[in-house]
Amino acid sequence: MASTDDAPPVTTTATSAPSLPAASPSPAPEGKLSGKSSPKSGAGSPRNLDDALDPLNGEHWTQHPVEDDSDSVLDSILSSTASLSSSIFEYRNINGRTFHSDKTNAEYWGPNDDKQLQSQDIIHHCLTLVLEGRLYLAPIDAGKISKVLDVGTGGGLWAIDFADLHPNLEVTGTDISPVQPSWVPPNVRFEIEDATLPWTFRENSFDFVHMRYLFGSIPDWDAIFEQAYAATKPGGWIESFEADANLYSEDGTVTEDSPMGTWTKVFKEAKKKFGRTFFPIEEDVQRRGIEKAGFVNITVKDIKVPMTGFPKDPKLKEIGQYSHLAIEQDLEGMVLYIFGEVMGWSVLEIHAFLAHFRKQMRNKNCHPLFPIRIVYAQKPEKKKD
């Protein structure tokens, strides 16, 4: 193990997975999600035509209607993968979807209803396939540790699976919404906690701190890794598993002006207004923040994940099929808050865009990918000076 006086070694490996070892939305009326009409160029006047032709402008996607056969396609995907305290309960309702309560300081862009949780469950399975059936990569010795923390646990599947695999230790999952199941292994518990606020755990409490898919929800990544460092026991490990909202292809089938290319651009614009990045990999927030916090023995693993089942390789195809299924399960939930509440698109514009997006995603000649990065590191046995 490296000395605390030396610069922490960093190992970076780039590879393609798995080299490691929606239902259709119901029609909605035109208007912004909060009930207001779409932004106009002047009082009662239509938007400028040039603005309407800009893919970042929601009105662009209403100019060319497309047929959206979400139900039939989702059924097909399901069939192909068949083998394979009271205020916190007062959720916001946006276009019929529930989001974390605005009565607290926490702000999260994804819904917390059953539809979104089902999508998260599929994503969990997909990401487990990416790691070839593993839940983590950090070289922890599960037989010698006692306490594990899962930050931003969501529906809690990772924490539950980890607890099932290791009944000898205690797993704590935290989240801002109480959406986890009540029937869980006896060695797992869930707590309501906003990870962006000061943590309530004692210092040096956990042998392993795990966090996954927090992109778009963290205003200060350095601060969260500092808190993780304080909560980790000397010699313990941290693992951060993130993705970017960057949809791309290596063969030119995802163009900048396509729905998938626009997806990337909109989320980049949203950061300027929302104050939280959806591109932690591009901005290197994991490695940089973990190193700055004082962790050592840092390893970085980059993986390209197929977004649909286009690969010929059977393992990659299965990963892509589950990725596609997760997106189809709740594509609306992935964009509703950001495109509407943050970017100001109307409900009509959002659903028009989603119809174009689904059409591109179902095009077998389109080969979309998205990046994920796993960074794990160790807290020195000796305390940081």
# chains A, B, ... in the order shown; residues from 1 in each chain; ligands from 1

$ residues_around --residues "A:Val285" --least-positions-apart "4" --cutoff "12 Å" --atoms "only C-alpha atoms" --output "number ranges by chain"
A: 214-215, 218-225, 240-244, 276-281, 289-293, 300, 373-375

$ residues_around --residues "A:Met260" --least-positions-apart "2" --cutoff "9 Å" --atoms "only C-alpha atoms" --output "VMD selection string"
chain A and resid 246 to 248 254 to 258 262 to 265 357 360 to 361 368

$ atom_distance --atom1 "atom CA of A:Ile298" --atom2 "atom CA of A:Leu137"
11.9 Å

$ residues_around --residues "A:Val148" --least-positions-apart "3" --cutoff "6 Å" --atoms "only C-alpha atoms" --output "PDB file with all heavy atoms, in the first residue's frame"
ATOM      1  N   VAL A 171     -25.257  -3.652   6.321  1.00  0.00           N
ATOM      2  CA  VAL A 171     -25.315  -2.755   5.173  1.00  0.00           C
ATOM      3  C   VAL A 171     -26.333  -1.647   5.444  1.00  0.00           C
ATOM      4  O   VAL A 171     -27.472  -1.924   5.819  1.00  0.00           O
ATOM      5  CB  VAL A 171     -25.716  -3.504   3.891  1.00  0.00           C
ATOM      6  CG1 VAL A 171     -25.721  -2.545   2.700  1.00  0.00           C
ATOM      7  CG2 VAL A 171     -24.773  -4.672   3.628  1.00  0.00           C
ATOM      8  N   PHE A 206     -17.201   3.012   8.483  1.00  0.00           N
ATOM      9  CA  PHE A 206     -17.492   2.003   7.467  1.00  0.00           C
ATOM     10  C   PHE A 206     -16.216   1.430   6.837  1.00  0.00           C
ATOM     11  O   PHE A 206     -15.251   2.140   6.580  1.00  0.00           O
ATOM     12  CB  PHE A 206     -18.374   2.602   6.373  1.00  0.00           C
ATOM     13  CG  PHE A 206     -19.727   3.038   6.864  1.00  0.00           C
ATOM     14  CD1 PHE A 206     -19.969   4.366   7.197  1.00  0.00           C
ATOM     15  CD2 PHE A 206     -20.760   2.125   7.018  1.00  0.00           C
ATOM     16  CE1 PHE A 206     -21.201   4.771   7.659  1.00  0.00           C
ATOM     17  CE2 PHE A 206     -22.001   2.515   7.485  1.00  0.00           C
ATOM     18  CZ  PHE A 206     -22.223   3.842   7.815  1.00  0.00           C
ATOM     19  N   ASP A 207     -16.281   0.139   6.564  1.00  0.00           N
ATOM     20  CA  ASP A 207     -15.175  -0.535   5.885  1.00  0.00           C
ATOM     21  C   ASP A 207     -15.241  -0.321   4.377  1.00  0.00           C
ATOM     22  O   ASP A 207     -14.219  -0.409   3.686  1.00  0.00           O
ATOM     23  CB  ASP A 207     -15.228  -2.040   6.165  1.00  0.00           C
ATOM     24  CG  ASP A 207     -15.140  -2.358   7.640  1.00  0.00           C
ATOM     25  OD1 ASP A 207     -14.018  -2.304   8.178  1.00  0.00           O
ATOM     26  OD2 ASP A 207     -16.181  -2.652   8.241  1.00  0.00           O
ATOM     27  N   PHE A 208     -16.440  -0.064   3.861  1.00  0.00           N
ATOM     28  CA  PHE A 208     -16.625   0.088   2.423  1.00  0.00           C
ATOM     29  C   PHE A 208     -17.752   1.083   2.178  1.00  0.00           C
ATOM     30  O   PHE A 208     -18.855   0.927   2.701  1.00  0.00           O
ATOM     31  CB  PHE A 208     -16.966  -1.267   1.789  1.00  0.00           C
ATOM     32  CG  PHE A 208     -17.119  -1.251   0.295  1.00  0.00           C
ATOM     33  CD1 PHE A 208     -16.312  -0.482  -0.525  1.00  0.00           C
ATOM     34  CD2 PHE A 208     -18.108  -2.043  -0.311  1.00  0.00           C
ATOM     35  CE1 PHE A 208     -16.468  -0.481  -1.903  1.00  0.00           C
ATOM     36  CE2 PHE A 208     -18.265  -2.064  -1.694  1.00  0.00           C
ATOM     37  CZ  PHE A 208     -17.441  -1.279  -2.489  1.00  0.00           C
ATOM     38  N   VAL A 209     -17.472   2.132   1.391  1.00  0.00           N
ATOM     39  CA  VAL A 209     -18.480   3.125   1.018  1.00  0.00           C
ATOM     40  C   VAL A 209     -18.705   3.016  -0.489  1.00  0.00           C
ATOM     41  O   VAL A 209     -17.784   3.193  -1.281  1.00  0.00           O
ATOM     42  CB  VAL A 209     -18.032   4.551   1.383  1.00  0.00           C
ATOM     43  CG1 VAL A 209     -19.053   5.568   0.869  1.00  0.00           C
ATOM     44  CG2 VAL A 209     -17.865   4.687   2.896  1.00  0.00           C
TER      45      VAL A 209
END

$ closest_residue --among "A:Val335, A:Gln118, A:Asn363, A:Phe274" --to "A:Gly216" --atoms "only C-alpha atoms"
A:Phe274

$ residues_around --residues "A:Gln321" --least-positions-apart "4" --cutoff "7 Å" --atoms "only C-alpha atoms" --output "ChimeraX atom specification"
/A:81,308-309,317,325

$ write_last_selection --atoms "C-alpha atoms" --output "mmCIF file, in the first residue's frame"
data_model
loop_
_atom_site.group_PDB
_atom_site.id
_atom_site.type_symbol
_atom_site.label_atom_id
_atom_site.label_comp_id
_atom_site.auth_asym_id
_atom_site.auth_seq_id
_atom_site.Cartn_x
_atom_site.Cartn_y
_atom_site.Cartn_z
ATOM 1 C CA THR A 81 -35.382 -10.358 -22.420
ATOM 2 C CA THR A 308 -29.418 -1.216 -27.434
ATOM 3 C CA GLY A 309 -28.956 -4.849 -28.448
ATOM 4 C CA LYS A 317 -25.995 -7.876 -26.865
ATOM 5 C CA LEU A 325 -35.451 -2.161 -21.785
#

$ atom_distance --atom1 "atom CA of A:Ser182" --atom2 "atom CA of A:Leu169"
19.0 Å

$ closest_residue --among "A:Asp121, A:Glu59, A:Glu203, A:Asp164" --to "A:Ile327" --atoms "only C-alpha atoms"
A:Asp121

$ residues_around --residues "A:Pro65" --least-positions-apart "4" --cutoff "10 Å" --atoms "only C-alpha atoms" --output "short mmCIF file (atom, residue, chain, number, x, y, z; two decimals) with N, CA and C atoms, in the first residue's frame"
data_model
loop_
_atom_site.label_atom_id
_atom_site.label_comp_id
_atom_site.auth_asym_id
_atom_site.auth_seq_id
_atom_site.Cartn_x
_atom_site.Cartn_y
_atom_site.Cartn_z
N TRP A 61 -39.06 19.71 -32.18
CA TRP A 61 -39.43 18.30 -32.26
C TRP A 61 -40.92 18.10 -32.53
N ALA A 352 -43.08 14.99 -28.06
CA ALA A 352 -42.69 14.96 -29.46
C ALA A 352 -41.23 14.52 -29.58
N PHE A 353 -40.38 15.10 -28.74
CA PHE A 353 -38.96 14.71 -28.75
C PHE A 353 -38.80 13.23 -28.43
N ALA A 355 -40.81 10.80 -28.91
CA ALA A 355 -41.22 9.97 -30.04
C ALA A 355 -40.09 9.84 -31.06
N HIS A 356 -39.41 10.96 -31.34
CA HIS A 356 -38.27 10.93 -32.25
C HIS A 356 -37.12 10.11 -31.65
#

$ select_by_dssp --residues "stretch 139-174 of chain A" --states "alpha helix (DSSP H)" --output "PDB file with N, CA, C and O atoms, in the first residue's frame"
ATOM      1  N   LEU A 157     -31.757  -2.079  -4.293  1.00  0.00           N
ATOM      2  CA  LEU A 157     -31.392  -3.413  -4.764  1.00  0.00           C
ATOM      3  C   LEU A 157     -29.922  -3.751  -4.532  1.00  0.00           C
ATOM      4  O   LEU A 157     -29.593  -4.883  -4.181  1.00  0.00           O
ATOM      5  N   TRP A 158     -29.031  -2.768  -4.758  1.00  0.00           N
ATOM      6  CA  TRP A 158     -27.609  -3.061  -4.553  1.00  0.00           C
ATOM      7  C   TRP A 158     -27.360  -3.438  -3.098  1.00  0.00           C
ATOM      8  O   TRP A 158     -26.685  -4.431  -2.802  1.00  0.00           O
ATOM      9  N   ALA A 159     -27.909  -2.655  -2.168  1.00  0.00           N
ATOM     10  CA  ALA A 159     -27.718  -2.919  -0.742  1.00  0.00           C
ATOM     11  C   ALA A 159     -28.296  -4.272  -0.348  1.00  0.00           C
ATOM     12  O   ALA A 159     -27.701  -5.028   0.429  1.00  0.00           O
ATOM     13  N   ILE A 160     -29.472  -4.596  -0.884  1.00  0.00           N
ATOM     14  CA  ILE A 160     -30.121  -5.871  -0.569  1.00  0.00           C
ATOM     15  C   ILE A 160     -29.294  -7.038  -1.107  1.00  0.00           C
ATOM     16  O   ILE A 160     -29.063  -8.037  -0.403  1.00  0.00           O
ATOM     17  N   ASP A 161     -28.838  -6.930  -2.353  1.00  0.00           N
ATOM     18  CA  ASP A 161     -28.027  -8.002  -2.937  1.00  0.00           C
ATOM     19  C   ASP A 161     -26.722  -8.189  -2.184  1.00  0.00           C
ATOM     20  O   ASP A 161     -26.278  -9.325  -1.948  1.00  0.00           O
ATOM     21  N   PHE A 162     -26.093  -7.088  -1.809  1.00  0.00           N
ATOM     22  CA  PHE A 162     -24.834  -7.173  -1.068  1.00  0.00           C
ATOM     23  C   PHE A 162     -25.068  -7.832   0.289  1.00  0.00           C
ATOM     24  O   PHE A 162     -24.286  -8.685   0.730  1.00  0.00           O
ATOM     25  N   ALA A 163     -26.146  -7.441   0.952  1.00  0.00           N
ATOM     26  CA  ALA A 163     -26.462  -8.019   2.266  1.00  0.00           C
ATOM     27  C   ALA A 163     -26.761  -9.511   2.158  1.00  0.00           C
ATOM     28  O   ALA A 163     -26.389 -10.300   3.035  1.00  0.00           O
ATOM     29  N   ASP A 164     -27.431  -9.910   1.092  1.00  0.00           N
ATOM     30  CA  ASP A 164     -27.713 -11.329   0.880  1.00  0.00           C
ATOM     31  C   ASP A 164     -26.434 -12.137   0.685  1.00  0.00           C
ATOM     32  O   ASP A 164     -26.304 -13.264   1.187  1.00  0.00           O
ATOM     33  N   LEU A 165     -25.502 -11.543  -0.068  1.00  0.00           N
ATOM     34  CA  LEU A 165     -24.240 -12.234  -0.339  1.00  0.00           C
ATOM     35  C   LEU A 165     -23.349 -12.329   0.890  1.00  0.00           C
ATOM     36  O   LEU A 165     -22.571 -13.268   1.041  1.00  0.00           O
TER      37      LEU A 165
END

$ atom_distance --atom1 "atom CA of A:Pro167" --atom2 "atom CA of A:His124"
20.3 Å
